[in-house]
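S.K.: upload-v5.cif is the file, holding mmCIF, C-alpha atoms:
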```
data_query
#
loop_
_atom_site.label_atom_id
_atom_site.label_comp_id
_atom_site.auth_asym_id
_atom_site.auth_seq_id
_atom_site.Cartn_x
_atom_site.Cartn_y
_atom_site.Cartn_z
CA MET A 5 0.00 0.00 0.00
CA ASP A 6 1.26 3.50 -0.82
CA LYS A 7 2.42 5.73 1.99
CA ILE A 8 2.05 9.35 3.01
CA ILE A 9 5.05 10.33 5.11
CA ILE A 10 5.30 12.67 8.07
CA LYS A 11 8.80 13.29 9.38
CA ILE A 12 8.17 15.24 12.55
CA SER A 13 11.65 16.80 12.74
CA ASP A 14 11.22 18.27 9.22
CA ASP A 15 7.47 18.84 9.04
CA TYR A 16 6.85 20.20 12.54
CA THR A 17 9.76 20.69 14.97
CA LYS A 18 12.96 19.20 16.34
CA THR A 19 11.90 20.13 19.88
CA PRO A 20 8.34 18.89 20.47
CA GLY A 21 6.47 20.50 23.34
CA VAL A 22 3.86 19.08 25.67
CA ARG A 23 0.06 18.90 25.40
CA GLU A 24 -1.48 22.36 25.11
CA GLU A 25 -0.32 25.67 23.69
CA ILE A 26 -0.77 27.34 27.08
CA GLU A 27 2.00 25.06 28.43
CA GLY A 28 4.59 25.92 25.77
CA ASP A 29 5.55 25.91 22.10
CA PHE A 30 4.99 23.05 19.63
CA PRO A 31 2.27 21.25 21.59
CA GLY A 32 0.78 17.89 20.66
CA GLU A 33 -2.69 19.34 20.16
CA GLU A 34 -1.35 21.74 17.53
CA PHE A 35 0.54 18.93 15.78
CA LEU A 36 -2.67 16.89 15.69
CA GLU A 37 -4.74 19.76 14.36
CA LYS A 38 -2.32 21.12 11.75
CA ILE A 39 -0.46 18.04 10.51
CA LEU A 40 -1.48 14.64 11.83
CA LEU A 41 -5.26 14.84 11.39
CA PRO A 42 -5.25 16.38 7.87
CA LYS A 43 -2.64 13.85 6.66
CA PHE A 44 -4.52 10.99 8.31
CA GLN A 45 -7.78 12.04 6.67
CA GLN A 46 -5.93 12.22 3.36
CA ALA A 47 -4.47 8.74 3.91
CA ILE A 48 -7.93 7.27 4.59
CA ALA A 49 -9.46 9.06 1.60
CA GLU A 50 -6.68 7.85 -0.72
CA LYS A 51 -6.53 4.39 0.88
CA LYS A 52 -2.92 4.87 1.88
CA ILE A 53 -0.84 4.29 5.01
CA LEU A 54 0.32 7.27 7.06
CA TYR A 55 3.96 6.64 7.90
CA VAL A 56 5.20 8.67 10.87
CA ASP A 57 8.96 9.04 11.30
CA PHE A 58 9.84 10.03 14.87
CA ASP A 59 13.63 10.23 14.45
CA ASP A 60 16.01 13.22 14.60
CA THR A 61 14.16 15.22 17.24
CA ALA A 62 15.31 15.95 20.80
CA GLY A 63 12.69 13.51 22.13
CA TYR A 64 8.96 13.26 22.81
CA PRO A 65 7.17 14.16 26.02
CA THR A 66 4.41 11.70 26.87
CA SER A 67 1.83 14.46 26.87
CA PHE A 68 2.78 15.44 23.30
CA LEU A 69 2.34 11.87 22.06
CA GLU A 70 -0.87 11.32 24.01
CA ALA A 71 -2.41 14.58 22.81
CA ALA A 72 -1.49 13.86 19.19
CA PHE A 73 -2.02 10.12 18.76
CA GLY A 74 -4.44 9.58 21.65
CA GLY A 75 -6.25 12.66 20.37
CA LEU A 76 -6.46 11.11 16.89
CA ALA A 77 -8.02 7.96 18.36
CA ARG A 78 -10.49 10.07 20.34
CA HIS A 79 -11.37 11.96 17.17
CA TYR A 80 -12.32 8.70 15.42
CA LYS A 81 -13.63 7.14 18.66
CA ASP A 82 -11.92 3.94 17.54
CA ALA A 83 -8.32 2.85 18.10
CA ALA A 84 -8.47 0.07 15.49
CA ILE A 85 -9.13 2.44 12.57
CA VAL A 86 -6.23 4.61 13.61
CA LEU A 87 -3.78 1.73 14.08
CA LYS A 88 -4.83 0.20 10.77
CA HIS A 89 -3.75 3.29 8.84
CA LEU A 90 -0.58 4.14 10.74
CA GLU A 91 3.00 2.93 10.56
CA PHE A 92 5.85 4.20 12.68
CA LYS A 93 9.61 4.53 12.56
CA SER A 94 11.70 5.21 15.66
CA ASP A 95 15.36 4.20 15.64
CA ASP A 96 16.32 6.83 18.22
CA ASP A 97 14.08 5.47 20.97
CA PRO A 98 13.17 1.77 20.89
CA PHE A 99 10.35 2.18 23.43
CA LEU A 100 8.54 4.94 21.56
CA ILE A 101 6.41 2.91 19.15
CA SER A 102 4.94 0.66 21.84
CA ASP A 103 4.22 3.77 23.94
CA VAL A 104 2.37 5.45 21.07
CA LYS A 105 0.32 2.31 20.40
CA GLU A 106 -0.55 2.16 24.09
CA TYR A 107 -1.78 5.78 24.06
CA ILE A 108 -3.91 5.05 20.99
CA ASN A 109 -5.40 1.92 22.56
CA GLU A 110 -6.12 3.65 25.88
CA ALA A 111 -7.38 6.93 24.42
CA ASN A 112 -11.06 6.06 24.62
CA ASN A 113 -10.94 4.35 28.04
CA LYS A 114 -13.27 5.86 30.59
CA MET B 14 -3.68 83.60 65.65
CA LYS B 15 -1.58 85.93 67.72
CA LYS B 16 -3.74 85.16 70.65
CA LEU B 17 -3.03 81.38 70.29
CA TYR B 18 0.78 81.75 70.49
CA THR B 19 0.58 83.78 73.65
CA THR B 20 -1.75 81.49 75.53
CA HIS B 21 -0.44 79.63 78.55
CA ASP B 22 -1.47 76.22 77.19
CA TYR B 23 0.40 76.73 73.94
CA LYS B 24 3.58 77.87 75.70
CA LYS B 25 3.48 74.85 78.00
CA TRP B 26 2.99 72.42 75.06
CA ASN B 27 5.70 74.11 72.99
CA THR B 28 8.26 73.94 75.81
CA LYS B 29 7.55 70.25 76.34
CA ARG B 30 7.95 69.53 72.62
CA SER B 31 11.22 71.46 72.40
CA LYS B 32 12.71 69.50 75.29
CA LYS B 33 11.69 66.22 73.66
CA ARG B 34 13.17 67.20 70.29
CA LEU B 35 16.45 68.33 71.91
CA LYS B 36 16.71 65.02 73.75
CA GLN B 37 16.18 63.13 70.50
CA ARG B 38 18.80 65.20 68.68
CA LEU B 39 21.40 64.66 71.41
CA ALA B 40 20.73 60.92 71.53
CA SER B 41 21.05 60.68 67.78
CA LYS B 42 24.30 62.64 67.82
CA ALA B 43 25.73 60.40 70.56
CA LYS B 44 24.77 57.31 68.57
CA LYS B 45 26.40 58.70 65.44
CA GLU B 46 29.60 59.52 67.35
CA ALA B 47 29.72 56.04 68.85
CA ARG B 48 29.14 54.49 65.42
CA ASN B 49 31.89 56.58 63.85
CA LYS B 50 34.36 55.56 66.59
CA ARG B 51 34.03 51.94 65.45
CA TYR B 52 35.36 52.86 62.02
CA ILE B 53 38.41 54.82 63.21
CA GLY B 54 41.58 53.53 61.62
CA LEU B 55 39.79 51.62 58.88
CA LYS B 56 40.24 52.29 55.18
CA LYS B 57 37.29 53.48 53.10
CA GLU B 58 36.58 50.01 51.60
CA GLN B 59 36.92 48.34 54.99
CA LYS B 60 34.53 50.88 56.45
CA GLU B 61 31.97 50.17 53.75
CA GLN B 62 32.36 46.42 54.20
CA LYS B 63 31.93 46.66 57.95
CA ARG B 64 28.96 48.98 57.63
CA ALA B 65 27.29 46.60 55.19
CA SER B 66 27.87 43.52 57.31
CA GLU B 67 26.33 45.25 60.32
CA THR B 68 23.07 45.82 58.50
CA TYR B 69 22.75 42.16 57.42
CA ILE B 70 21.77 39.17 59.50
CA ASN B 71 24.47 36.55 59.15
CA LYS B 72 22.98 33.11 58.45
CA LYS B 73 25.54 30.34 58.46
CA ALA B 74 24.60 27.54 56.04
CA PRO B 75 24.70 23.87 57.11
CA SER B 76 28.15 22.45 56.44
CA ASN B 77 26.61 19.62 54.43
CA PHE B 78 24.79 21.86 51.99
CA SER B 79 23.00 19.16 50.04
CA PHE B 80 19.23 19.02 49.69
CA ILE B 81 19.15 15.34 48.78
CA ASP B 82 21.61 14.19 51.48
CA ASN B 83 20.72 16.59 54.28
CA THR B 84 17.13 17.44 53.42
CA GLU B 85 15.67 18.49 56.75
CA GLU B 86 18.60 20.62 57.88
CA VAL B 87 18.66 22.44 54.53
CA LEU B 88 14.87 22.95 54.71
CA ASN B 89 15.21 24.40 58.22
CA TYR B 90 17.86 26.77 56.91
CA MET B 91 15.60 27.89 54.04
CA ASP B 92 12.70 28.43 56.44
CA ASP B 93 14.98 30.54 58.62
CA LEU B 94 15.85 32.69 55.62
CA LYS B 95 12.14 33.05 54.74
CA THR B 96 11.38 34.21 58.28
CA HIS B 97 13.95 37.00 57.96
CA PHE B 98 12.57 37.93 54.54
CA LYS B 99 9.09 38.21 56.05
CA ARG B 100 10.46 40.52 58.74
CA ARG B 101 12.09 42.56 55.97
CA GLN B 102 15.57 41.96 57.39
CA ASN B 103 18.54 41.94 55.02
CA VAL B 104 20.27 38.58 55.03
CA MET B 105 23.86 37.50 54.56
CA ILE B 106 24.05 33.88 53.39
CA ASN B 107 27.25 32.64 54.93
CA LEU B 108 28.62 29.70 52.98
CA SER B 109 32.26 30.07 53.99
CA GLU B 110 32.34 26.91 56.12
CA ILE B 111 30.42 24.49 53.93
CA THR B 112 32.24 21.25 53.19
CA ASN B 113 29.80 19.60 50.82
CA LEU B 114 27.69 21.17 48.10
CA THR B 115 25.34 19.68 45.51
CA ASN B 116 23.49 21.44 42.72
CA ASP B 117 20.12 20.53 44.23
CA ALA B 118 20.85 22.87 47.16
CA ILE B 119 21.93 25.57 44.72
CA VAL B 120 18.71 25.32 42.73
CA LEU B 121 16.73 25.49 45.98
CA LEU B 122 18.65 28.58 47.06
CA ILE B 123 18.23 30.20 43.64
CA SER B 124 14.49 29.55 43.60
CA LEU B 125 14.28 31.30 46.97
CA THR B 126 16.68 34.22 46.59
CA GLN B 127 15.56 35.17 43.09
CA ASN B 128 11.85 35.04 43.85
CA ARG B 129 10.84 38.63 44.57
CA GLN B 130 7.59 37.56 46.22
CA LEU B 131 9.46 35.41 48.72
CA THR B 132 12.35 37.79 49.37
CA ASN B 133 9.84 40.53 50.11
CA GLY B 134 12.11 43.26 48.78
CA VAL B 135 15.01 42.61 51.16
CA THR B 136 18.61 42.53 50.01
CA VAL B 137 20.33 39.16 50.02
CA ARG B 138 24.10 38.99 50.07
CA GLY B 139 26.37 36.04 50.38
CA ASN B 140 29.94 34.95 50.65
CA TYR B 141 31.51 32.04 48.87
CA PRO B 142 32.82 28.77 50.29
CA LYS B 143 36.46 28.71 51.34
CA ASN B 144 36.87 25.42 49.50
CA GLU B 145 38.15 26.37 46.04
CA LYS B 146 36.10 23.84 44.04
CA LEU B 147 32.87 24.65 45.87
CA ARG B 148 33.63 28.34 45.45
CA LYS B 149 33.93 27.96 41.67
CA ILE B 150 30.59 26.12 41.50
CA PHE B 151 28.89 28.86 43.46
CA VAL B 152 30.36 31.73 41.48
CA GLU B 153 29.17 30.11 38.25
CA SER B 154 25.74 29.33 39.65
CA GLY B 155 24.88 33.04 39.86
CA VAL B 156 22.99 32.55 43.12
CA PHE B 157 24.00 36.00 44.27
CA GLY B 158 23.27 37.51 40.89
CA ASN B 159 26.86 37.87 39.72
CA ASN B 160 27.34 34.99 37.39
CA THR B 161 30.79 35.49 35.94
CA GLY B 162 30.88 32.18 34.11
CA ASN B 163 30.67 32.33 30.35
CA PRO B 164 27.39 30.61 29.42
CA ASP B 165 28.97 29.20 26.27
CA ASP B 166 31.90 27.69 28.10
CA THR B 167 31.41 23.93 28.33
CA LYS B 168 34.03 23.82 31.05
CA ASN B 169 31.54 25.42 33.43
CA TYR B 170 30.51 23.24 36.31
CA ILE B 171 26.97 24.45 36.51
CA LEU B 172 24.26 25.91 34.30
CA THR B 173 20.98 27.35 35.49
CA ARG B 174 17.80 28.01 33.56
CA ARG B 175 14.29 29.08 34.51
CA ASN B 176 10.94 29.58 32.83
CA LYS B 177 7.22 29.28 33.43
CA LYS B 178 6.40 27.14 30.42
CA ALA B 179 7.66 23.87 28.97
CA ASP B 180 10.55 24.89 26.73
CA GLY B 181 12.03 22.19 24.52
CA ARG B 182 14.88 24.40 23.33
CA ILE B 183 16.21 24.83 26.87
CA ALA B 184 15.99 21.09 27.49
CA ASP B 185 17.74 20.30 24.21
CA GLU B 186 20.52 22.82 24.86
CA LEU B 187 21.23 21.49 28.35
CA ILE B 188 21.19 17.87 27.18
CA ARG B 189 23.66 18.63 24.38
CA ARG B 190 26.04 20.26 26.86
CA ALA B 191 25.63 17.42 29.32
CA THR B 192 26.37 14.76 26.72
CA LYS B 193 29.49 16.62 25.65
CA VAL B 194 30.79 16.18 29.19
CA VAL B 195 29.71 12.58 29.69
CA PHE B 196 30.16 11.10 26.19
CA ASN B 197 32.70 13.60 24.77
CA GLU B 198 30.34 14.53 21.96
CA GLU B 199 27.06 16.38 21.54
CA ALA B 200 24.22 13.89 21.55
CA ARG B 201 20.53 13.47 22.30
CA CYS B 202 18.89 11.75 25.26
CA PRO B 203 15.20 11.32 24.39
CA GLY B 204 14.45 10.00 27.88
CA ILE B 205 15.93 13.01 29.66
CA TYR B 206 14.19 15.35 27.23
CA LYS B 207 10.91 13.62 28.05
CA ALA B 208 11.49 13.89 31.82
CA LEU B 209 12.47 17.56 31.61
CA LEU B 210 9.46 18.56 29.50
CA GLU B 211 7.06 16.58 31.72
CA SER B 212 8.52 18.24 34.82
CA MET B 213 8.12 21.69 33.23
CA ALA B 214 4.56 20.89 32.18
CA ASN B 215 3.71 19.68 35.68
CA THR B 216 4.89 23.01 37.07
CA CYS B 217 2.89 24.90 34.48
CA TYR B 218 -0.32 22.95 35.08
CA HIS B 219 -0.25 21.73 38.67
CA ALA B 220 2.16 23.85 40.75
CA ASN B 221 -0.46 26.54 41.16
CA PRO B 222 -3.88 24.96 40.46
CA LYS B 223 -5.60 28.35 40.53
CA GLU B 224 -3.44 29.88 37.81
CA ILE B 225 -1.98 27.86 34.91
CA GLY B 226 1.47 29.02 33.82
CA HIS B 227 1.98 31.23 36.85
CA GLU B 228 4.66 29.30 38.72
CA THR B 229 8.35 29.42 37.77
CA TRP B 230 10.49 26.31 37.48
CA TRP B 231 14.24 26.29 38.02
CA LEU B 232 16.72 23.84 36.63
CA THR B 233 20.42 23.43 37.30
CA VAL B 234 22.68 21.05 35.52
CA TYR B 235 25.92 20.18 37.23
CA HIS B 236 28.85 18.71 35.36
CA ASP B 237 30.94 16.54 37.64
CA LYS B 238 33.99 15.83 35.54
CA GLU B 239 35.76 13.81 38.22
CA ASP B 240 32.93 11.26 38.46
CA ASN B 241 32.05 11.73 34.79
CA HIS B 242 28.36 12.28 35.36
CA VAL B 243 25.93 15.15 34.99
CA SER B 244 23.18 15.76 37.51
CA PHE B 245 19.89 17.51 36.76
CA ALA B 246 18.06 19.23 39.61
CA PHE B 247 14.59 20.59 38.85
CA ILE B 248 12.46 22.57 41.27
CA ASP B 249 9.27 24.55 41.54
CA THR B 250 7.97 26.21 44.68
CA GLY B 251 4.31 25.60 43.95
CA VAL B 252 1.89 23.70 46.18
CA GLY B 253 3.64 20.35 45.80
CA ILE B 254 2.33 17.01 44.54
CA PHE B 255 0.01 16.26 47.46
CA LYS B 256 -1.46 19.67 48.11
CA SER B 257 -3.83 20.20 45.23
CA THR B 258 -7.48 19.99 46.26
CA LYS B 259 -8.25 16.97 44.15
CA MET B 260 -5.11 15.21 45.32
CA ASN B 261 -6.27 15.84 48.90
CA ASP B 262 -9.59 14.22 48.01
CA PHE B 263 -7.64 11.23 46.76
CA GLY B 264 -5.67 11.17 50.01
CA ALA B 265 -8.89 11.02 52.00
CA LYS B 266 -10.28 8.20 49.82
CA PHE B 267 -6.98 6.32 50.03
CA ALA B 268 -7.03 6.65 53.81
CA SER B 269 -10.60 5.37 54.06
CA LEU B 270 -9.79 2.35 51.88
CA PHE B 271 -6.42 1.35 53.29
CA GLY B 272 -6.52 2.84 56.77
CA GLY B 273 -3.73 5.36 56.38
CA SER B 274 -3.09 8.71 54.79
CA ASP B 275 0.62 8.46 54.20
CA ASN B 276 1.77 10.52 51.23
CA CYS B 277 4.55 7.94 50.64
CA ASP B 278 1.83 5.40 49.71
CA ILE B 279 0.06 7.95 47.52
CA LEU B 280 3.31 8.67 45.65
CA LYS B 281 3.79 4.94 45.04
CA GLU B 282 0.28 4.85 43.53
CA ILE B 283 1.00 7.89 41.36
CA ILE B 284 4.29 6.67 39.90
CA SER B 285 2.86 3.22 39.26
CA GLY B 286 0.19 4.87 37.11
CA ARG B 287 -2.64 3.41 39.21
CA LYS B 288 -3.63 6.82 40.50
CA ARG B 289 -5.48 9.10 38.08
CA SER B 290 -4.37 12.64 37.33
CA SER B 291 -5.52 15.50 39.57
CA THR B 292 -7.44 16.68 36.49
CA GLN B 293 -9.52 13.47 36.80
CA ILE B 294 -9.28 13.01 33.01
CA PRO B 295 -8.42 9.34 32.41
CA TYR B 296 -5.88 9.82 29.63
CA ARG B 297 -3.91 12.45 31.55
CA GLY B 298 -1.61 12.14 34.57
CA LYS B 299 1.18 10.27 32.80
CA GLY B 300 3.93 12.74 33.77
CA LEU B 301 5.30 11.21 36.96
CA PRO B 302 4.76 7.57 35.84
CA THR B 303 6.70 8.45 32.68
CA ILE B 304 9.55 9.95 34.67
CA TYR B 305 9.69 6.80 36.81
CA LYS B 306 9.57 4.62 33.69
CA GLY B 307 12.63 6.53 32.42
CA LEU B 308 14.62 5.11 35.32
CA GLU B 309 13.52 1.55 34.48
CA ARG B 310 14.44 2.10 30.83
CA ASN B 311 17.91 3.33 31.80
CA TYR B 312 17.41 6.79 30.35
CA TYR B 313 19.00 8.12 33.57
CA SER B 314 20.06 6.98 37.04
CA ASN B 315 19.61 7.89 40.68
CA LEU B 316 16.11 9.39 40.41
CA LYS B 317 14.86 11.22 43.50
CA ILE B 318 11.68 13.15 44.25
CA ILE B 319 11.02 15.47 47.20
CA SER B 320 7.59 17.03 47.59
CA ASN B 321 5.63 18.17 50.65
CA ASP B 322 6.45 15.61 53.38
CA VAL B 323 7.83 12.88 51.12
CA LYS B 324 11.38 12.13 50.04
CA ALA B 325 11.66 9.25 47.62
CA ASP B 326 14.77 7.60 46.25
CA LEU B 327 13.23 5.69 43.36
CA SER B 328 16.51 3.98 42.44
CA THR B 329 16.54 2.17 45.78
CA ASN B 330 12.76 2.23 46.27
CA GLU B 331 13.22 4.08 49.55
CA PHE B 332 10.38 6.36 50.66
CA THR B 333 10.86 8.61 53.69
CA LYS B 334 8.32 10.77 55.50
CA LEU B 335 9.93 14.12 56.28
CA LYS B 336 9.46 15.87 59.59
CA LYS B 337 9.93 19.18 57.87
CA GLU B 338 7.63 19.95 54.96
CA PHE B 339 8.91 21.22 51.62
CA ARG B 340 6.44 23.41 49.76
CA GLY B 341 6.98 22.56 46.13
CA THR B 342 8.27 19.75 43.95
CA PHE B 343 11.87 18.73 43.48
CA LEU B 344 13.20 16.18 40.99
CA TYR B 345 16.75 14.94 40.60
CA TRP B 346 18.47 12.46 38.32
CA GLU B 347 21.89 11.76 36.87
CA LEU B 348 23.24 10.96 33.44
CA ASN B 349 26.30 8.73 33.27
CA THR B 350 28.15 6.68 30.66
CA ASN B 351 25.93 3.64 31.23
CA ASN B 352 22.70 5.45 30.33
CA ARG B 353 20.91 5.37 27.00
CA TRP B 354 21.71 8.07 24.42
CA THR B 355 21.65 8.64 20.69
CA LYS B 356 23.78 10.66 18.26
#
```
If you took the structure in this file and wrote it as structure tokens, what would it be?
M.R.:
Amino acid sequence: MDKIIIKISDDYTKTPGVREEIEGDFPGEEFLEKILLPKFQQAIAEKKILYVDFDDTAGYPTSFLEAAFGGLARHYKDAAIVLKHLEFKSDDDPFLISDVKEYINEANNK
Amino acid sequence: MKKLYTTHDYKKWNTKRSKKRLKQRLASKAKKEARNKRYIGLKKEQKEQKRASETYINKKAPSNFSFIDNTEEVLNYMDDLKTHFKRRQNVMINLSEITNLTNDAIVLLISLTQNRQLTNGVTVRGNYPKNEKLRKIFVESGVFGNNTGNPDDTKNYILTRRNKKADGRIADELIRRATKVVFNEEARCPGIYKALLESMANTCYHANPKEIGHETWWLTVYHDKEDNHVSFAFIDTGVGIFKSTKMNDFGAKFASLFGGSDNCDILKEIISGRKRSSTQIPYRGKGLPTIYKGLERNYYSNLKIISNDVKADLSTNEFTKLKKEFRGTFLYWELNTNNRWTK
């Protein structure tokens, strides 16, 4: 399946922030709204995979990842749809991909 | 009017007032003469130094000036300083005799002395340790506002930053400098970046529950070249982990369920991720569990937390209830050659 690629260090920032804009620059909610959600919608519409490359940034706060990827799962109210259309790359931090999948899976827990 | 000045009552009142004023003037003159006698024979600079020291209250710091090793004594010292600030008394922080110093005590001192609300407008002066190495650390720390260290010099022992928001650029800069010391090259530590940003965000969101983004955080990074490690000490002087209203509610519920209200047990619940965030939103509250997870994943070593009446050494799983309460949240960890990093 064809891929749409997001490389966060090039397309957004090398120094990701936390959750909300009020807490600091480059927050996860902004990343979701401006980049992740539009690209994800495009990937679904074009029946493609959204490939997210996490490498070459300073790192990722949990709240950034939860706001962005958990937020995406909350937007669709279904973790399975989100996971089906996403692929990840993280050579810098081997724990990152499992963390992101966990946030997606737990996003709609009450 | 003329009639008033010539009345008996006025003359009597005026005479009494004049006598009182004369007495005051003579007393003041005598005091001034006595004060001047003390400076006879001294040079101008010595006179100024002596005069300054007389107007400051000399507070001798604990010889083991380490917040993580000597927590309660250092907290008592800080409380003493705050008392003098409240009374609007100028304070001289006397560090000349200290024999041990860690950057956690420096960050605590900085957060106090550079907080205008806490210092209440009084002047804070200080002397430096006699020990040459400790003296160099203190001069560079800028605690007394005269940081002479070049901020671009990687040979510096200590770097200090502060902000109210979560700032990734500061975290990245400090990590790059730290890795240059530990690994001899600039590198990235995603785990430390994560811990720093989460700590900053916690300050922004939870340190002052009534006002988001109001509280300042302070961070010092100490390069210990002899032991080849870098220590990060992060502090905010907000309400502390256990003092937010909702956290207090949790404390009460915890006590009713398990028959105790020990904040050590509550902290264990928080870092394990079993306790929900104070926001009560299920997907939030991952900050402290994430920081703890960073220790398990070998992102850093020697993780310690001090908040309110709890001191926790998470590397050894040792939780201590403090007799003296610390208002705020303090986090400490170290980066050494065995920790995870990436180019």
S.K.: On this structure, which residues satisfy the PyMOL selection byres ((chain A) within 10 of (chain B)), written as a tab-separated table (two decimals) with C-alpha atoms, in the frame of the given file?
M.R.:
```tsv
chain	number	residue	atom	x	y	z
A	17	THR	CA	9.76	20.69	14.97
A	18	LYS	CA	12.96	19.20	16.34
A	19	THR	CA	11.90	20.13	19.88
A	20	PRO	CA	8.34	18.89	20.47
A	21	GLY	CA	6.47	20.50	23.34
A	22	VAL	CA	3.86	19.08	25.67
A	23	ARG	CA	0.06	18.90	25.40
A	24	GLU	CA	-1.48	22.36	25.11
A	25	GLU	CA	-0.32	25.67	23.69
A	26	ILE	CA	-0.77	27.34	27.08
A	27	GLU	CA	2.00	25.06	28.43
A	28	GLY	CA	4.59	25.92	25.77
A	29	ASP	CA	5.55	25.91	22.10
A	30	PHE	CA	4.99	23.05	19.63
A	31	PRO	CA	2.27	21.25	21.59
A	60	ASP	CA	16.01	13.22	14.60
A	61	THR	CA	14.16	15.22	17.24
A	62	ALA	CA	15.31	15.95	20.80
A	63	GLY	CA	12.69	13.51	22.13
A	64	TYR	CA	8.96	13.26	22.81
A	65	PRO	CA	7.17	14.16	26.02
A	66	THR	CA	4.41	11.70	26.87
A	67	SER	CA	1.83	14.46	26.87
A	68	PHE	CA	2.78	15.44	23.30
A	70	GLU	CA	-0.87	11.32	24.01
A	71	ALA	CA	-2.41	14.58	22.81
A	74	GLY	CA	-4.44	9.58	21.65
A	75	GLY	CA	-6.25	12.66	20.37
A	95	ASP	CA	15.36	4.20	15.64
A	96	ASP	CA	16.32	6.83	18.22
A	97	ASP	CA	14.08	5.47	20.97
A	99	PHE	CA	10.35	2.18	23.43
A	100	LEU	CA	8.54	4.94	21.56
A	107	TYR	CA	-1.78	5.78	24.06
A	110	GLU	CA	-6.12	3.65	25.88
A	111	ALA	CA	-7.38	6.93	24.42
A	112	ASN	CA	-11.06	6.06	24.62
A	113	ASN	CA	-10.94	4.35	28.04
A	114	LYS	CA	-13.27	5.86	30.59
```
S.K.: Could you check which of A:Ile101, A:Leu76, A:Ile8, A:Ile108 is closest to A:Glu50, using all atoms listed in the file?
M.R.: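 When distances to A:Glu50 are compared using all atoms listed in the file, the smallest one comes from A:Ile8.
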S.K.: Evaluated on this file, the PyMOL selection byres ((chain A and resi 82-94) around 6) picks out some residues - which ones are they, written as a ChimeraX atom specification?
M.R.: /A:53-59,77,80-81,95-97,108-109
S.K.: What does the structure give for the distance between atom CA of B:Asn116 and atom CA of B:Phe78, in Å to one decimal?
M.R.: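 One can read the atom CA of B:Asn116 to atom CA of B:Phe78 distance as 9.4 Å.
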S.K.: Here's the selection I'm unsure about, the PyMOL selection byres ((chain A and resi 6) around 6); applied to the file above, which residues does it give, as number ranges by chain?
M.R.: A: 5, 7, 52
